[in-house]
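K.L.:
Just one file: structure-v8.txt, with compact mmCIF, C-alpha atoms.
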```
# COMPACT_ATOMS: atom_id res chain seq x y z
CA ALA R 1 -15.25 23.54 -10.02
CA ILE R 2 -17.81 20.80 -10.66
CA SER R 3 -20.66 22.69 -9.00
CA SER R 4 -19.82 25.93 -10.81
CA ASN R 5 -19.68 24.28 -14.22
CA THR R 6 -22.89 22.35 -13.60
CA TRP R 7 -24.78 25.63 -13.29
CA HIS R 8 -24.10 26.49 -16.91
CA SER R 9 -25.26 24.94 -20.16
CA GLY R 10 -23.51 25.19 -23.51
CA ASN R 11 -20.07 24.14 -24.73
CA SER R 12 -17.07 23.11 -22.69
CA THR R 13 -15.48 26.58 -22.63
CA PRO R 14 -15.59 28.04 -19.10
CA GLU R 15 -17.91 31.02 -18.78
CA VAL R 16 -17.04 34.11 -16.75
CA GLY R 17 -19.44 33.22 -13.95
CA SER R 18 -18.01 29.74 -13.76
CA VAL R 19 -14.41 30.98 -13.53
CA VAL R 20 -15.29 33.53 -10.84
CA GLY R 21 -17.17 30.90 -8.82
CA ILE R 22 -14.25 28.49 -9.00
CA ALA R 23 -11.74 31.18 -8.03
CA ILE R 24 -13.76 32.37 -5.04
CA ALA R 25 -14.31 28.82 -3.80
CA PHE R 26 -10.60 27.97 -3.98
CA GLY R 27 -9.53 31.28 -2.41
CA PHE R 28 -11.97 31.08 0.48
CA GLY R 29 -11.21 27.39 0.93
CA ILE R 30 -7.49 28.00 1.33
CA SER R 31 -8.11 30.84 3.79
CA VAL R 32 -10.39 28.63 5.89
CA LEU R 33 -7.87 25.78 5.90
CA ALA R 34 -5.00 28.12 6.77
CA TYR R 35 -6.94 29.49 9.73
CA GLY R 36 -8.04 26.01 10.75
CA ILE R 37 -4.73 24.14 10.70
CA GLY R 38 -2.11 26.86 10.48
CA HIS R 39 -1.42 26.70 14.21
CA VAL R 40 -1.16 22.91 14.07
CA SER R 41 1.09 22.21 11.10
CA GLY R 42 1.84 25.56 9.53
CA GLY R 43 -0.99 25.07 7.06
CA HIS R 44 1.20 24.26 4.07
CA ILE R 45 -1.49 22.25 2.22
CA ASN R 46 0.64 22.49 -0.93
CA PRO R 47 3.88 20.58 -1.69
CA ALA R 48 5.21 23.70 -3.41
CA VAL R 49 4.91 25.61 -0.13
CA THR R 50 6.57 22.78 1.77
CA PHE R 51 9.36 22.77 -0.83
CA SER R 52 10.02 26.43 -0.07
CA PHE R 53 10.38 25.71 3.64
CA LEU R 54 12.69 22.81 2.82
CA ILE R 55 15.10 24.79 0.67
CA ARG R 56 15.06 27.63 3.21
CA GLY R 57 16.31 25.18 5.82
CA GLU R 58 13.26 25.45 8.07
CA MET R 59 12.34 21.78 7.58
CA SER R 60 14.36 18.62 7.44
CA LEU R 61 14.14 16.45 4.34
CA GLY R 62 12.33 13.75 6.31
CA SER R 63 9.72 16.19 7.59
CA ALA R 64 9.21 17.66 4.13
CA ILE R 65 8.67 14.22 2.64
CA MET R 66 6.12 13.36 5.34
CA TYR R 67 4.29 16.64 4.73
CA MET R 68 4.16 16.02 1.00
CA LEU R 69 2.96 12.44 1.42
CA ALA R 70 0.21 13.70 3.71
CA GLN R 71 -0.77 16.35 1.16
CA PHE R 72 -0.98 13.87 -1.72
CA PHE R 73 -2.87 11.37 0.43
CA GLY R 74 -5.25 14.05 1.64
CA ALA R 75 -5.93 15.10 -1.95
CA PHE R 76 -6.68 11.49 -2.87
CA ILE R 77 -9.11 11.04 0.02
CA GLY R 78 -10.73 14.39 -0.73
CA ALA R 79 -11.21 13.39 -4.37
CA LEU R 80 -12.84 10.14 -3.25
CA PHE R 81 -15.35 12.09 -1.16
CA LEU R 82 -15.92 14.42 -4.10
CA TYR R 83 -16.61 11.50 -6.41
CA ALA R 84 -19.07 10.02 -3.92
CA SER R 85 -20.86 13.37 -3.76
CA VAL R 86 -21.23 13.99 -7.51
CA VAL R 87 -21.24 10.57 -9.15
CA GLY R 88 -24.98 10.81 -9.86
CA LEU R 89 -24.70 14.01 -11.90
CA THR R 90 -24.22 12.13 -15.16
CA THR R 91 -27.34 9.96 -14.73
CA GLY R 92 -29.20 12.12 -17.24
CA CYS R 93 -26.42 11.79 -19.82
CA GLU R 94 -26.01 8.03 -20.24
CA GLY R 95 -27.89 6.77 -23.29
CA ASN R 96 -29.29 10.17 -24.21
CA SER R 97 -28.57 12.56 -27.06
CA VAL R 98 -27.94 16.28 -26.80
CA ASP R 99 -31.66 16.86 -27.33
CA THR R 100 -32.87 14.37 -24.73
CA ILE R 101 -30.59 15.08 -21.77
CA ASP R 102 -32.60 14.96 -18.54
CA ASP R 103 -32.37 14.71 -14.75
CA GLY R 104 -30.75 18.12 -14.38
CA ALA R 105 -27.77 17.34 -16.61
CA ASN R 106 -26.70 19.67 -19.41
CA GLU R 107 -24.67 19.55 -22.59
CA ARG R 108 -21.48 20.83 -20.97
CA LEU R 109 -21.62 18.20 -18.24
CA CYS R 110 -22.33 15.35 -20.66
CA ALA R 111 -19.76 16.44 -23.24
CA SER R 112 -17.05 16.72 -20.58
CA SER R 113 -17.87 13.48 -18.79
CA CYS R 114 -19.09 11.04 -21.44
CA THR R 115 -18.21 9.72 -24.88
CA LEU R 116 -20.53 10.82 -27.70
CA ASN R 117 -21.16 7.87 -30.00
CA ALA R 118 -20.70 9.14 -33.55
CA ASP R 119 -23.13 6.62 -35.04
CA SER R 120 -26.02 6.85 -32.60
CA GLY R 121 -25.45 10.40 -31.34
CA LEU R 122 -25.89 9.15 -27.77
CA PHE R 123 -23.70 9.83 -24.76
CA MET R 124 -22.11 6.58 -23.54
CA ASP R 125 -19.47 5.37 -21.07
CA CYS R 126 -19.83 8.29 -18.67
CA GLY R 127 -16.98 8.74 -16.22
CA PRO R 128 -16.68 11.00 -13.18
CA PRO R 129 -18.40 14.37 -13.76
CA PHE R 130 -16.00 16.82 -15.39
CA GLY R 131 -13.20 14.36 -14.64
CA LEU R 132 -13.48 15.54 -11.01
CA GLY R 133 -11.88 18.81 -12.07
CA THR R 134 -8.68 17.20 -13.33
CA ASN R 135 -6.30 19.86 -14.59
CA VAL R 136 -5.67 19.94 -18.34
CA VAL R 137 -3.78 22.38 -20.52
CA SER R 138 -6.07 24.30 -22.86
CA GLY R 139 -5.66 23.51 -26.54
CA ALA R 140 -5.35 27.25 -27.12
CA ILE R 141 -1.85 27.42 -25.59
CA GLY R 142 1.32 25.37 -25.84
CA GLN R 143 2.68 23.27 -23.02
CA GLY R 144 5.65 25.60 -22.62
CA SER R 145 3.29 28.54 -22.15
CA ALA R 146 1.32 26.49 -19.64
CA PHE R 147 4.52 25.79 -17.72
CA ILE R 148 5.30 29.51 -17.49
CA ALA R 149 1.73 30.34 -16.45
CA GLU R 150 1.75 27.73 -13.69
CA LEU R 151 5.21 28.86 -12.57
CA ILE R 152 4.01 32.46 -12.25
CA GLY R 153 0.83 31.44 -10.44
CA THR R 154 2.79 29.41 -7.92
CA PHE R 155 5.34 32.20 -7.56
CA VAL R 156 2.54 34.58 -6.53
CA LEU R 157 1.22 32.08 -3.97
CA VAL R 158 4.55 31.15 -2.37
CA PHE R 159 5.81 34.74 -2.39
CA THR R 160 2.64 35.81 -0.60
CA VAL R 161 3.12 33.05 1.99
CA LEU R 162 6.69 34.14 2.63
CA MET R 163 5.98 37.88 2.80
CA ALA R 164 2.67 37.72 4.68
CA ALA R 165 3.25 34.78 7.04
CA VAL R 166 7.01 34.31 7.36
CA HIS R 167 8.71 37.69 7.04
CA PRO R 168 9.46 38.93 10.58
CA SER R 169 8.35 42.48 9.76
CA ASN R 170 5.29 41.77 7.67
CA GLY R 171 2.54 44.31 8.07
CA SER R 172 -0.37 41.88 7.98
CA GLY R 173 0.27 40.03 11.21
CA PRO R 174 -0.37 36.31 11.68
CA ASN R 175 -4.15 36.68 11.88
CA ALA R 176 -4.43 38.37 8.48
CA ALA R 177 -1.93 36.19 6.59
CA PRO R 178 -4.51 33.51 5.64
CA ILE R 179 -6.64 36.17 3.97
CA ALA R 180 -3.73 37.38 1.83
CA ILE R 181 -2.81 33.80 0.96
CA GLY R 182 -6.40 33.01 0.00
CA TRP R 183 -6.55 36.10 -2.20
CA SER R 184 -3.36 35.04 -3.98
CA VAL R 185 -4.95 31.67 -4.73
CA MET R 186 -8.14 33.35 -5.94
CA LEU R 187 -6.13 35.67 -8.19
CA ALA R 188 -4.22 32.76 -9.70
CA HIS R 189 -7.46 30.92 -10.45
CA LEU R 190 -9.09 33.95 -12.06
CA VAL R 191 -6.17 34.12 -14.51
CA LEU R 192 -5.25 30.46 -14.99
CA VAL R 193 -8.53 28.50 -15.00
CA PRO R 194 -9.17 29.15 -18.72
CA LEU R 195 -5.55 28.28 -19.57
CA THR R 196 -4.55 25.35 -17.37
CA GLY R 197 -7.42 24.82 -14.96
CA CYS R 198 -5.04 26.34 -12.39
CA GLY R 199 -2.97 23.67 -10.68
CA ILE R 200 -0.31 25.59 -8.65
CA ASN R 201 -0.45 22.60 -6.28
CA PRO R 202 0.77 19.15 -7.38
CA ALA R 203 -1.38 17.44 -4.73
CA ARG R 204 -4.53 19.20 -5.98
CA THR R 205 -3.74 17.88 -9.48
CA PHE R 206 -2.85 14.39 -8.30
CA GLY R 207 -5.93 13.58 -6.20
CA PRO R 208 -8.67 14.10 -8.80
CA ALA R 209 -6.51 12.61 -11.57
CA ILE R 210 -5.93 9.34 -9.74
CA VAL R 211 -9.52 8.93 -8.52
CA ALA R 212 -10.91 9.81 -11.96
CA LEU R 213 -8.58 7.21 -13.47
CA PHE R 214 -9.87 4.57 -11.06
CA PHE R 215 -13.43 5.26 -12.16
CA GLY R 216 -12.95 5.23 -15.90
CA ALA R 217 -11.69 8.65 -16.97
CA ASP R 218 -8.55 9.20 -19.03
CA SER R 219 -6.43 11.17 -16.57
CA PHE R 220 -3.28 11.10 -18.69
CA VAL R 221 -4.13 14.48 -20.13
CA ARG R 222 -2.19 16.82 -22.36
CA GLY R 223 0.53 18.62 -20.44
CA ALA R 224 0.22 16.57 -17.26
CA TRP R 225 3.95 17.05 -16.60
CA VAL R 226 3.42 20.79 -16.21
CA TYR R 227 1.49 20.39 -12.97
CA TYR R 228 4.25 18.40 -11.27
CA THR R 229 7.19 20.58 -12.33
CA ALA R 230 6.07 24.21 -12.72
CA PRO R 231 4.84 24.60 -9.10
CA PHE R 232 8.22 23.56 -7.73
CA ALA R 233 10.00 25.86 -10.18
CA GLY R 234 7.73 28.73 -9.16
CA SER R 235 8.33 27.95 -5.50
CA LEU R 236 12.09 27.98 -6.05
CA CYS R 237 11.93 31.36 -7.82
CA ALA R 238 9.74 32.87 -5.09
CA THR R 239 12.01 31.55 -2.35
CA LEU R 240 15.16 32.88 -4.00
CA SER R 241 13.51 36.27 -4.51
CA TYR R 242 12.55 36.37 -0.85
CA GLU R 243 15.92 35.23 0.47
CA ILE R 244 18.08 37.38 -1.81
CA ILE R 245 16.02 40.56 -2.15
CA PHE R 246 13.27 40.91 0.43
CA LYS R 247 14.20 39.00 3.58
CA ASN R 248 16.54 41.62 5.02
CA VAL R 249 15.14 44.75 3.40
CA PRO R 250 14.11 47.25 6.10
CA THR R 251 10.41 47.96 6.28
CA VAL R 252 8.99 51.47 6.20
CA GLY R 253 8.60 51.49 9.97
CA GLU R 254 12.17 50.36 10.53
CA GLU R 255 13.55 53.05 8.23
CA ASP R 256 11.73 55.72 10.20
```
Starting from the coordinates I provided, produce the structure as structure tokens.
P.N.:
Amino acid sequence: AISSNTWHSGNSTPEVGSVVGIAIAFGFGISVLAYGIGHVSGGHINPAVTFSFLIRGEMSLGSAIMYMLAQFFGAFIGALFLYASVVGLTTGCEGNSVDTIDDGANERLCASSCTLNADSGLFMDCGPPFGLGTNVVSGAIGQGSAFIAELIGTFVLVFTVLMAAVHPSNGSGPNAAPIAIGWSVMLAHLVLVPLTGCGINPARTFGPAIVALFFGADSFVRGAWVYYTAPFAGSLCATLSYEIIFKNVPTVGEED
């Protein structure tokens, strides 16, 4: 998200190329991780996915808690590495005006990462670039709408996990499931990035928010509660749909 936004100049509104770049990176990233660790831990990565396995009775409460703690901790460590990688991006913003930005920085980066002094017109007190991609609800929608959007996005992800990786008669097979899961994540980001930044994973929201807070950003953003409630609600809806409707429905091959 940071790299994609850094490519573009202009205001803080995401451009089409930026959204597509973010979506592809997240989708491919999830596919790679699912292939890499799926055979080790199941490749949950997301507390909302773990929650589905918990309420389906495939994990004990203790195991689910350990998984979620590992996911939140991993997100925190990942955000620390991210901060270490991009901290220098705002060097050209500090103490400069919109017209004098240098060192490869641009107006979008500076406006999103620094405070613009109203008297001097200079960017001051720069925090982590783009808040390390901390999720925030767009001012164009209400928090209730954001909740529904995040619920639907997570529903798509968890439903795909259950149908492509868990269902005993899925047509994709275990080797193709990570691709379908990655595509579901990419789809969610294409739709949700302009609205909510696309959380659909409480750990993904938590890591950047906490690290950005440590290094001077205001991470207590509008609608923060959405990212820690909607994914679990979406996971619950997807799991109930799977268990009640799709789990025991005969596949086309079985009907023949």
K.L.:
Could you tell me which of R:Gly92, R:Pro231, R:Pro250, R:Gly182 comes closest to R:Ser31 if we count only C-alpha atoms?
P.N.:
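Counting only C-alpha atoms, the residue closest to R:Ser31 is R:Gly182.
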K.L.:
So which residues touch stretch 72-80 of chain R within 10 Å, counting all atoms listed in the file, skipping near sequence neighbours fewer than 2 positions away, as an MDAnalysis selection string?
P.N.:
chainID R and resid 45:47 67:70 82:85 132:133 201:212
K.L.:
Those residues you just picked out, can you put them in a file as an mmCIF file, in the coordinates of the input with C-alpha atoms?
P.N.:
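Everything below was put into result_29.cif:
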```
data_model
loop_
_atom_site.group_PDB
_atom_site.id
_atom_site.type_symbol
_atom_site.label_atom_id
_atom_site.label_comp_id
_atom_site.auth_asym_id
_atom_site.auth_seq_id
_atom_site.Cartn_x
_atom_site.Cartn_y
_atom_site.Cartn_z
ATOM 1 C CA ILE R 45 -1.490 22.250 2.220
ATOM 2 C CA ASN R 46 0.640 22.490 -0.930
ATOM 3 C CA PRO R 47 3.880 20.580 -1.690
ATOM 4 C CA TYR R 67 4.290 16.640 4.730
ATOM 5 C CA MET R 68 4.160 16.020 1.000
ATOM 6 C CA LEU R 69 2.960 12.440 1.420
ATOM 7 C CA ALA R 70 0.210 13.700 3.710
ATOM 8 C CA LEU R 82 -15.920 14.420 -4.100
ATOM 9 C CA TYR R 83 -16.610 11.500 -6.410
ATOM 10 C CA ALA R 84 -19.070 10.020 -3.920
ATOM 11 C CA SER R 85 -20.860 13.370 -3.760
ATOM 12 C CA LEU R 132 -13.480 15.540 -11.010
ATOM 13 C CA GLY R 133 -11.880 18.810 -12.070
ATOM 14 C CA ASN R 201 -0.450 22.600 -6.280
ATOM 15 C CA PRO R 202 0.770 19.150 -7.380
ATOM 16 C CA ALA R 203 -1.380 17.440 -4.730
ATOM 17 C CA ARG R 204 -4.530 19.200 -5.980
ATOM 18 C CA THR R 205 -3.740 17.880 -9.480
ATOM 19 C CA PHE R 206 -2.850 14.390 -8.300
ATOM 20 C CA GLY R 207 -5.930 13.580 -6.200
ATOM 21 C CA PRO R 208 -8.670 14.100 -8.800
ATOM 22 C CA ALA R 209 -6.510 12.610 -11.570
ATOM 23 C CA ILE R 210 -5.930 9.340 -9.740
ATOM 24 C CA VAL R 211 -9.520 8.930 -8.520
ATOM 25 C CA ALA R 212 -10.910 9.810 -11.960
#
```
K.L.:
Pick out the closest residue to R:Ser52 from this set: R:Cys126, R:Ala188, R:Ile152, R:Ala64. Count all atoms listed in the file.
P.N.:
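Among the listed residues, R:Ala64 lies closest to R:Ser52.
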K.L.:
Quick one: contact table of stretch 120-172 of chain R to stretch 213-216 of chain R, 9 Å max, nearest atom pair and distance in Å to one decimal per residue, counting only C-alpha atoms, chain and number order, as JSON lines?
P.N.:
```
{"residue": "R:Asp125", "atom": "CA", "partner": "R:Gly216", "partner_atom": "CA", "distance": 8.3}
{"residue": "R:Cys126", "atom": "CA", "partner": "R:Gly216", "partner_atom": "CA", "distance": 8.0}
{"residue": "R:Gly127", "atom": "CA", "partner": "R:Gly216", "partner_atom": "CA", "distance": 5.4}
{"residue": "R:Pro128", "atom": "CA", "partner": "R:Phe215", "partner_atom": "CA", "distance": 6.7}
{"residue": "R:Gly131", "atom": "CA", "partner": "R:Leu213", "partner_atom": "CA", "distance": 8.6}
```
K.L.:
Would you list the contacts of R:Leu190 as a ChimeraX atom specification, taking every protein, DNA or RNA residue within 12 Å and counting all atoms listed in the file, but skipping same-chain residues closer than 5 positions in sequence?
P.N.:
/R:14-27,153,183-185,195-198
K.L.:
Please report the interatomic distance between atom CA of R:Pro168 and atom CA of R:Lys247 in Å with one decimal.
P.N.:
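Those two atoms sit 8.5 Å apart.
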K.L.:
When you count all atoms listed in the file, which of these residues is closest to R:Leu240: R:Val158, R:Val221, R:Val32, R:Val166?
P.N.:
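Distance minimum relative to R:Leu240 lands on R:Val158.
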K.L.:
In Å, with one decimal, what is the gap from atom CA of R:Gly121 to atom CA of R:Glu94?
P.N.:
11.4 Å
K.L.:
To one decimal in Å, tell me the separation between atom CA of R:Glu58 and atom CA of R:Ile200.
P.N.:
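Atom CA of R:Glu58 sits 21.5 Å away from atom CA of R:Ile200.
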K.L.:
Point out the residue among R:Gly199, R:Pro129, R:Pro194, R:Pro178 with the least atom-to-atom distance to R:Gly36, counting only C-alpha atoms.
P.N.:
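Of R:Gly199, R:Pro129, R:Pro194, R:Pro178, the one nearest R:Gly36, counting only C-alpha atoms, is R:Pro178.
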K.L.:
Quick one: everything within 9 Å of R:Tyr242, counting all atoms listed in the file, minus sequence neighbours fewer than 4 positions away in the same chain. Send it as an mmCIF file with C-alpha atoms, keeping the file's coordinate frame.
P.N.:
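Okay, result_34.cif is ready:
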```cif
data_model
loop_
_atom_site.group_PDB
_atom_site.id
_atom_site.type_symbol
_atom_site.label_atom_id
_atom_site.label_comp_id
_atom_site.auth_asym_id
_atom_site.auth_seq_id
_atom_site.Cartn_x
_atom_site.Cartn_y
_atom_site.Cartn_z
ATOM 1 C CA PHE R 159 5.810 34.740 -2.390
ATOM 2 C CA LEU R 162 6.690 34.140 2.630
ATOM 3 C CA MET R 163 5.980 37.880 2.800
ATOM 4 C CA HIS R 167 8.710 37.690 7.040
ATOM 5 C CA CYS R 237 11.930 31.360 -7.820
ATOM 6 C CA ALA R 238 9.740 32.870 -5.090
ATOM 7 C CA PHE R 246 13.270 40.910 0.430
ATOM 8 C CA LYS R 247 14.200 39.000 3.580
ATOM 9 C CA ASN R 248 16.540 41.620 5.020
#
```
K.L.:
Could you check the closest approach to R:Tyr228 for each of R:Ser41, R:Thr90, R:Asn135, R:Ser60 and tell me which residue wins, using all atoms listed in the file?
P.N.:
R:Asn135
K.L.:
So which one's closest to R:Trp225, R:Ser112, R:Gln143, R:Ser63, R:Thr239? Using all atoms listed in the file, please.
P.N.:
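With all atoms listed in the file as the atom set, the closest residue is R:Gln143.
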K.L.:
Excluding R:Ile101 and any residue of its chain fewer than 3 positions from it, enumerate the residues within 12 Å of it, using only C-alpha atoms, and give them as a ChimeraX atom specification.
P.N.:
/R:9,89-98,104-111,121-123
K.L.:
Can you pull out every residue within 10 Å of R:Ala146, counting all atoms listed in the file, but drop anything in the same chain fewer than 4 positions away, and send it as JSON, numbers by chain?
P.N.:
{"R": [136, 137, 138, 141, 142, 150, 151, 152, 192, 195, 196, 198, 223, 226, 227, 230]}
